[in-house]
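Below is one structure, written out as structure tokens, with a few remarks after it.
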Amino acid sequence: MAKLYPEFTEAELRAFSLEKGALPRHVGVIMDGNGRWAKKRILPRSAGHRAGMEALREIVRFSHSAGIEALTVYAFSTENWSRPRAEVDALFSLLEEYFYKEIDELDANGVRIRIIGDASAFSGKLHDLLDSAVRRTSGNSGLCFNIALNYGSRAEIVHAVSSLIDDGVKSADLSESIIDSRLYTAGLPELDLIIRTAGEQRLSNFLLWQAAYAEFVFTSVLFPDFTPEEYAKCLVEYAHRTRKFGKVL
Ligand code: FPP
């Protein structure tokens with residue numbers, strides 16, 4: 001039986017200076033800095049991605065235990081295809097390894113996996129692993145863990161709008177909620193917080209539509225060093241923000 005991720009008690013949350021009622025429901029993470037982490041250690045970039053995968057495992061566990069409803073991570077963008085072939089291959093074999101090793105534990109803990117992006121680009125073993133992970137966990141009711149793969153937010157919006165046109169939806173019937181319903185994130189809670197590691201302060205085509213009212217937290221920590229403690233600091237910063245949604249408070 002794979003280890004369970006127990007739900008944090010109020011006291012455990014307080015040890016991280018967190019309170020249940022002040023947590024975001026949906027967090028997006030731009031996992032940046034794997035390459036710089038490896039470079040600092042004179043290691044190949046693939047070693048940075050492996051260390052990033054290990055950091056991600058802990059972030060998923062922490063999110064689930066804290067009671068966050070949805071976690072969306074940017075694992076491979078549509079632009080990442082232009083990286084050297086060896087790096088792209090290394091990333092895909094890490095993904096395979098991740099699903100192969102983690103699926104039992106994720107499923108046993110009620111985590112629901114969703115792939116967001118154009119998954120038709122993946123074939124063979126990776127495609128089968130992704131497909132079976134999504135199908136196997138689709139009935140779970142714990143953390144919704146969304147992995148953005150071959151994802152680009154502008155392409156997602158184009159895809160959503162073209163599916164509406166194909167279904168004959170008239171311009172008079174177009175609305176924000178109907179577009180929402182065709183995005184890869186349909187049905188998930190509103191995105192509350194985007195965290196980007198490694199110091200850059202941009203969205204890089206990640207969840208542009210969904211980020212309309214999200215809070216942004218940028219940390220200089222490189223993703224492989226992004227421990228649950230560093231994650232908790234970002235959640236505390238979020239809890240201190242005043243969200244106005246365009247209104248006067
Ligand atoms: C950006 O760092 C990171 C990526 C392009 C890949 C993210 C992948 C992982 C964290 C590991 C595997 C993921 C899963 C879902 C198992 P970068 O290479 O651009 O870093 P740099 O800016 O320092 O060069």
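Just remember, in the structure tokens the first chain shown is A, the second B, etc., residues are 1-based per chain, and ligands are 1-based in the order shown.
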Around ligand 1, out to 9 Å and counting only C-alpha atoms and all ligand atoms, which residues are there? I want them as an mmCIF file with C-alpha atoms, in the first residue's frame.
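Here's the written file part-v9.cif:
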```
data_model
loop_
_atom_site.group_PDB
_atom_site.id
_atom_site.type_symbol
_atom_site.label_atom_id
_atom_site.label_comp_id
_atom_site.auth_asym_id
_atom_site.auth_seq_id
_atom_site.Cartn_x
_atom_site.Cartn_y
_atom_site.Cartn_z
ATOM 1 C CA ILE A 30 5.932 27.854 -13.344
ATOM 2 C CA MET A 31 8.761 25.499 -12.430
ATOM 3 C CA ASP A 32 11.788 27.473 -13.606
ATOM 4 C CA GLY A 33 15.494 27.230 -12.858
ATOM 5 C CA ASN A 34 16.319 23.538 -13.314
ATOM 6 C CA GLY A 35 19.022 24.403 -15.853
ATOM 7 C CA ARG A 36 20.640 27.030 -13.592
ATOM 8 C CA TRP A 37 20.551 24.621 -10.637
ATOM 9 C CA ALA A 38 22.462 22.046 -12.723
ATOM 10 C CA LYS A 39 24.905 24.616 -14.120
ATOM 11 C CA ARG A 45 20.679 20.067 -17.531
ATOM 12 C CA SER A 46 18.912 16.705 -17.280
ATOM 13 C CA GLY A 48 18.448 19.713 -12.956
ATOM 14 C CA HIS A 49 15.202 18.377 -14.382
ATOM 15 C CA ARG A 50 15.543 15.215 -12.279
ATOM 16 C CA ALA A 51 16.041 17.324 -9.149
ATOM 17 C CA GLY A 52 13.016 19.382 -10.255
ATOM 18 C CA MET A 53 10.936 16.223 -10.519
ATOM 19 C CA GLU A 54 11.894 15.340 -6.958
ATOM 20 C CA ALA A 55 10.932 18.804 -5.733
ATOM 21 C CA LEU A 56 7.619 18.497 -7.552
ATOM 22 C CA ARG A 57 6.825 15.197 -5.806
ATOM 23 C CA VAL A 73 2.248 22.896 -13.129
ATOM 24 C CA TYR A 74 3.989 24.009 -16.314
ATOM 25 C CA ALA A 75 6.099 21.000 -17.292
ATOM 26 C CA PHE A 76 6.585 21.460 -21.061
ATOM 27 C CA SER A 77 5.555 24.412 -23.177
ATOM 28 C CA ASN A 80 10.178 23.871 -25.306
ATOM 29 C CA GLU A 87 17.169 17.602 -23.364
ATOM 30 C CA VAL A 88 13.647 17.061 -24.733
ATOM 31 C CA LEU A 91 12.471 15.407 -20.034
ATOM 32 C CA PHE A 92 10.143 12.873 -21.621
ATOM 33 C CA LEU A 94 11.693 11.685 -16.673
ATOM 34 C CA LEU A 95 7.966 12.099 -17.209
ATOM 35 C CA GLU A 96 7.665 8.398 -18.007
ATOM 36 C CA GLU A 97 9.645 7.559 -14.885
ATOM 37 C CA TYR A 98 7.486 9.888 -12.790
ATOM 38 C CA PHE A 99 4.224 8.305 -13.917
ATOM 39 C CA ILE A 147 0.274 18.855 -15.728
ATOM 40 C CA ALA A 148 0.702 21.295 -18.603
ATOM 41 C CA LEU A 149 2.431 19.413 -21.415
ATOM 42 C CA ALA A 198 14.008 31.272 -10.309
ATOM 43 C CA GLU A 200 11.911 35.730 -13.743
ATOM 44 C CA LEU A 222 15.452 27.670 -8.233
ATOM 45 C CA PHE A 223 12.778 25.006 -8.694
ATOM 46 C CA PRO A 224 14.905 22.031 -7.503
#
```
Within 9 Å of Pro24 (chain A), counting only C-alpha atoms, which residues show up once you throw out same-chain ones fewer than 4 positions away? Write them as a list in words, please.
Ile68, Glu69, Leu191, Asp192, Leu193, Leu235, Tyr238 and Ala239 of chain A
Mind dumping the selected residues with N, CA, C and O atoms as a compact mmCIF listing (two decimals), in the first residue's frame?
```
# COMPACT_ATOMS: atom_id res chain seq x y z
N ILE A 68 -5.32 21.94 -0.65
CA ILE A 68 -5.46 22.75 -1.87
C ILE A 68 -6.22 21.89 -2.88
O ILE A 68 -5.96 20.70 -3.00
N GLU A 69 -7.18 22.50 -3.58
CA GLU A 69 -8.03 21.67 -4.45
C GLU A 69 -7.40 21.36 -5.79
O GLU A 69 -7.60 20.29 -6.35
N LEU A 191 -8.38 30.14 -10.76
CA LEU A 191 -6.96 30.19 -10.40
C LEU A 191 -6.72 31.34 -9.42
O LEU A 191 -7.00 32.49 -9.75
N ASP A 192 -6.23 31.03 -8.22
CA ASP A 192 -6.03 32.07 -7.20
C ASP A 192 -4.62 32.61 -7.18
O ASP A 192 -4.40 33.78 -6.84
N LEU A 193 -3.66 31.74 -7.46
CA LEU A 193 -2.25 32.11 -7.24
C LEU A 193 -1.37 31.47 -8.30
O LEU A 193 -1.52 30.28 -8.61
N LEU A 235 2.62 30.70 0.01
CA LEU A 235 1.21 30.62 0.41
C LEU A 235 0.91 31.64 1.50
O LEU A 235 -0.18 32.23 1.54
N TYR A 238 0.59 34.97 -0.18
CA TYR A 238 -0.75 35.03 -0.79
C TYR A 238 -1.80 35.39 0.28
O TYR A 238 -2.67 36.23 0.05
N ALA A 239 -1.70 34.74 1.43
CA ALA A 239 -2.70 34.95 2.49
C ALA A 239 -2.72 36.40 2.96
O ALA A 239 -3.75 36.88 3.45
```
Mind checking DSSP for region 44-93 of chain A and telling me the alpha helix (DSSP H) residues as a PyMOL selection string?
chain A and resi 45-66+85-93
With the cut-off set at 9 Å and counting only C-alpha atoms, tabulate each residue of region 114-174 of chain A with an atom at most that distance from an atom of region 208-213 of chain A, showing the nearest atom pair and its distance in Å to one decimal, ordered by chain and increasing number, as JSON lines.
```
{"residue": "A:Ser153", "atom": "CA", "partner": "A:Leu208", "partner_atom": "CA", "distance": 5.9}
{"residue": "A:Arg154", "atom": "CA", "partner": "A:Leu208", "partner_atom": "CA", "distance": 7.6}
{"residue": "A:Ile157", "atom": "CA", "partner": "A:Trp209", "partner_atom": "CA", "distance": 7.8}
```
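Relative to CA of Phe206 (chain A), CA of Glu176 (chain A) is found at 18.3 Å.
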As a PyMOL selection string, please: all residues of region 15-243 of chain A that backbone DSSP puts in strand (DSSP E).
chain A and resi 26-30+70-77+112-116+144-151+193-196+215-218
Would you output that residue set with N, CA, C and O atoms, as a CSV table (one decimal), in the first residue's frame?
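The result, written out as out.csv:
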```csv
chain,number,residue,atom,x,y,z
A,26,HIS,N,-6.8,27.1,-5.9
A,26,HIS,CA,-6.1,26.6,-7.1
A,26,HIS,C,-4.8,27.4,-7.3
A,26,HIS,O,-4.8,28.6,-7.4
A,27,VAL,N,-3.7,26.6,-7.4
A,27,VAL,CA,-2.3,27.2,-7.5
A,27,VAL,C,-1.7,26.8,-8.8
A,27,VAL,O,-1.8,25.6,-9.2
A,28,GLY,N,-1.1,27.7,-9.5
A,28,GLY,CA,-0.3,27.4,-10.7
A,28,GLY,C,1.1,27.6,-10.4
A,28,GLY,O,1.5,28.6,-9.8
A,29,VAL,N,2.0,26.7,-10.9
A,29,VAL,CA,3.4,26.9,-10.7
A,29,VAL,C,4.2,26.8,-12.0
A,29,VAL,O,4.1,25.8,-12.7
A,30,ILE,N,5.0,27.9,-12.2
A,30,ILE,CA,5.9,27.9,-13.3
A,30,ILE,C,7.3,27.4,-12.8
A,30,ILE,O,7.9,28.1,-12.0
A,70,ALA,N,-6.7,22.3,-6.3
A,70,ALA,CA,-6.1,22.1,-7.7
A,70,ALA,C,-4.7,22.7,-7.7
A,70,ALA,O,-4.4,23.8,-7.3
A,71,LEU,N,-3.8,21.9,-8.4
A,71,LEU,CA,-2.4,22.4,-8.6
A,71,LEU,C,-2.1,22.2,-10.1
A,71,LEU,O,-2.3,21.1,-10.6
A,72,THR,N,-1.7,23.3,-10.7
A,72,THR,CA,-1.4,23.2,-12.2
A,72,THR,C,0.0,23.5,-12.4
A,72,THR,O,0.4,24.6,-12.0
A,73,VAL,N,0.8,22.6,-13.0
A,73,VAL,CA,2.2,22.9,-13.1
A,73,VAL,C,2.6,22.9,-14.6
A,73,VAL,O,2.1,22.2,-15.4
A,74,TYR,N,3.6,23.8,-14.9
A,74,TYR,CA,4.0,24.0,-16.3
A,74,TYR,C,5.2,23.1,-16.5
A,74,TYR,O,6.3,23.4,-16.1
A,75,ALA,N,5.0,22.0,-17.1
A,75,ALA,CA,6.1,21.0,-17.3
A,75,ALA,C,6.8,21.1,-18.7
A,75,ALA,O,8.0,20.8,-18.8
A,76,PHE,N,6.0,21.4,-19.7
A,76,PHE,CA,6.6,21.5,-21.1
A,76,PHE,C,5.7,22.4,-21.9
A,76,PHE,O,4.5,22.1,-22.2
A,77,SER,N,6.3,23.5,-22.4
A,77,SER,CA,5.6,24.4,-23.2
A,77,SER,C,5.7,24.1,-24.7
A,77,SER,O,6.6,23.3,-25.1
A,112,ARG,N,-6.3,13.3,-8.5
A,112,ARG,CA,-6.9,13.2,-9.9
A,112,ARG,C,-5.9,13.9,-10.9
A,112,ARG,O,-5.6,15.0,-10.7
A,113,ILE,N,-5.4,13.1,-11.8
A,113,ILE,CA,-4.5,13.7,-12.8
A,113,ILE,C,-5.2,14.1,-14.1
A,113,ILE,O,-6.0,13.4,-14.6
A,114,ARG,N,-4.8,15.3,-14.5
A,114,ARG,CA,-5.3,15.8,-15.8
A,114,ARG,C,-4.1,16.3,-16.6
A,114,ARG,O,-3.2,17.0,-16.0
A,115,ILE,N,-4.0,16.1,-17.9
A,115,ILE,CA,-3.0,16.6,-18.7
A,115,ILE,C,-3.6,17.8,-19.4
A,115,ILE,O,-4.7,17.7,-20.1
A,116,ILE,N,-3.0,19.0,-19.3
A,116,ILE,CA,-3.6,20.1,-20.1
A,116,ILE,C,-2.6,20.5,-21.2
A,116,ILE,O,-1.3,20.5,-20.9
A,144,CYS,N,-6.7,17.9,-7.5
A,144,CYS,CA,-6.7,17.8,-8.9
A,144,CYS,C,-5.3,18.3,-9.4
A,144,CYS,O,-5.0,19.5,-9.2
A,145,PHE,N,-4.5,17.4,-9.9
A,145,PHE,CA,-3.1,17.7,-10.3
A,145,PHE,C,-3.1,17.8,-11.8
A,145,PHE,O,-3.2,16.8,-12.5
A,146,ASN,N,-2.9,19.0,-12.3
A,146,ASN,CA,-2.9,19.2,-13.7
A,146,ASN,C,-1.5,19.5,-14.2
A,146,ASN,O,-0.8,20.4,-13.7
A,147,ILE,N,-1.1,18.7,-15.2
A,147,ILE,CA,0.3,18.9,-15.7
A,147,ILE,C,0.2,19.4,-17.1
A,147,ILE,O,-0.4,18.8,-18.0
A,148,ALA,N,0.7,20.6,-17.3
A,148,ALA,CA,0.7,21.3,-18.6
A,148,ALA,C,1.8,20.7,-19.5
A,148,ALA,O,3.0,20.9,-19.1
A,149,LEU,N,1.5,20.1,-20.5
A,149,LEU,CA,2.4,19.4,-21.4
A,149,LEU,C,2.1,19.8,-22.8
A,149,LEU,O,0.9,19.7,-23.2
A,150,ASN,N,3.1,20.2,-23.6
A,150,ASN,CA,2.9,20.8,-24.9
A,150,ASN,C,1.7,21.8,-24.8
A,150,ASN,O,0.8,21.8,-25.6
A,151,TYR,N,1.9,22.6,-23.8
A,151,TYR,CA,0.8,23.6,-23.5
A,151,TYR,C,1.3,25.0,-23.9
A,151,TYR,O,2.4,25.4,-23.7
A,193,LEU,N,-3.7,31.7,-7.5
A,193,LEU,CA,-2.3,32.1,-7.2
A,193,LEU,C,-1.4,31.5,-8.3
A,193,LEU,O,-1.5,30.3,-8.6
A,194,ILE,N,-0.5,32.3,-8.8
A,194,ILE,CA,0.6,31.8,-9.7
A,194,ILE,C,1.9,32.0,-9.0
A,194,ILE,O,2.2,33.1,-8.6
A,195,ILE,N,2.7,31.0,-8.9
A,195,ILE,CA,4.1,31.1,-8.4
A,195,ILE,C,5.0,30.8,-9.5
A,195,ILE,O,4.9,29.9,-10.3
A,196,ARG,N,6.1,31.7,-9.6
A,196,ARG,CA,7.1,31.4,-10.6
A,196,ARG,C,8.4,31.4,-9.8
A,196,ARG,O,8.7,32.3,-9.1
A,215,GLU,N,-3.3,36.2,-8.0
A,215,GLU,CA,-2.2,36.8,-7.4
A,215,GLU,C,-0.9,36.2,-7.9
A,215,GLU,O,-0.9,35.0,-8.2
A,216,PHE,N,0.1,37.0,-8.0
A,216,PHE,CA,1.4,36.4,-8.5
A,216,PHE,C,2.4,36.5,-7.4
A,216,PHE,O,2.5,37.5,-6.7
A,217,VAL,N,3.2,35.4,-7.2
A,217,VAL,CA,4.3,35.4,-6.2
A,217,VAL,C,5.5,34.9,-7.0
A,217,VAL,O,5.5,33.8,-7.6
A,218,PHE,N,6.5,35.8,-7.0
A,218,PHE,CA,7.8,35.4,-7.7
A,218,PHE,C,8.8,35.2,-6.6
A,218,PHE,O,9.0,36.0,-5.7
```
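The coordinates place CA of Arg25 (chain A) at 22.2 Å from CA of Glu105 (chain A).
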Might you pull out every residue within 10 Å of Tyr5 (chain A), with only C-alpha atoms counted and same-chain residues fewer than 3 positions away left off, and present them as a PDB file with C-alpha atoms, in the first residue's frame?
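Result file part.pdb:
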```
ATOM      1  CA  ALA A   2       1.488   3.324  -1.045  1.00  0.00           C
ATOM      2  CA  PHE A   8      -2.614  18.519   7.924  1.00  0.00           C
ATOM      3  CA  VAL A  60       2.180  17.611  -4.788  1.00  0.00           C
ATOM      4  CA  ARG A  61       2.164  15.843  -1.405  1.00  0.00           C
ATOM      5  CA  PHE A  62       2.148  19.143   0.482  1.00  0.00           C
ATOM      6  CA  SER A  63      -0.660  20.570  -1.670  1.00  0.00           C
ATOM      7  CA  HIS A  64      -2.789  17.509  -1.036  1.00  0.00           C
ATOM      8  CA  SER A  65      -2.130  17.491   2.720  1.00  0.00           C
ATOM      9  CA  ALA A  66      -2.854  21.212   2.998  1.00  0.00           C
ATOM     10  CA  GLU A 105       0.831   6.491  -4.592  1.00  0.00           C
ATOM     11  CA  LEU A 106      -1.031   9.320  -6.315  1.00  0.00           C
ATOM     12  CA  ALA A 108      -4.031   5.662  -3.410  1.00  0.00           C
ATOM     13  CA  ASN A 109      -4.143   9.223  -2.091  1.00  0.00           C
ATOM     14  CA  GLY A 110      -7.106  10.220  -4.229  1.00  0.00           C
TER      15      GLY A 110
END
```
Quick one: distance from CA of Glu190 (chain A) to CA of Phe245 (chain A) in Å, one decimal?
12.2 Å
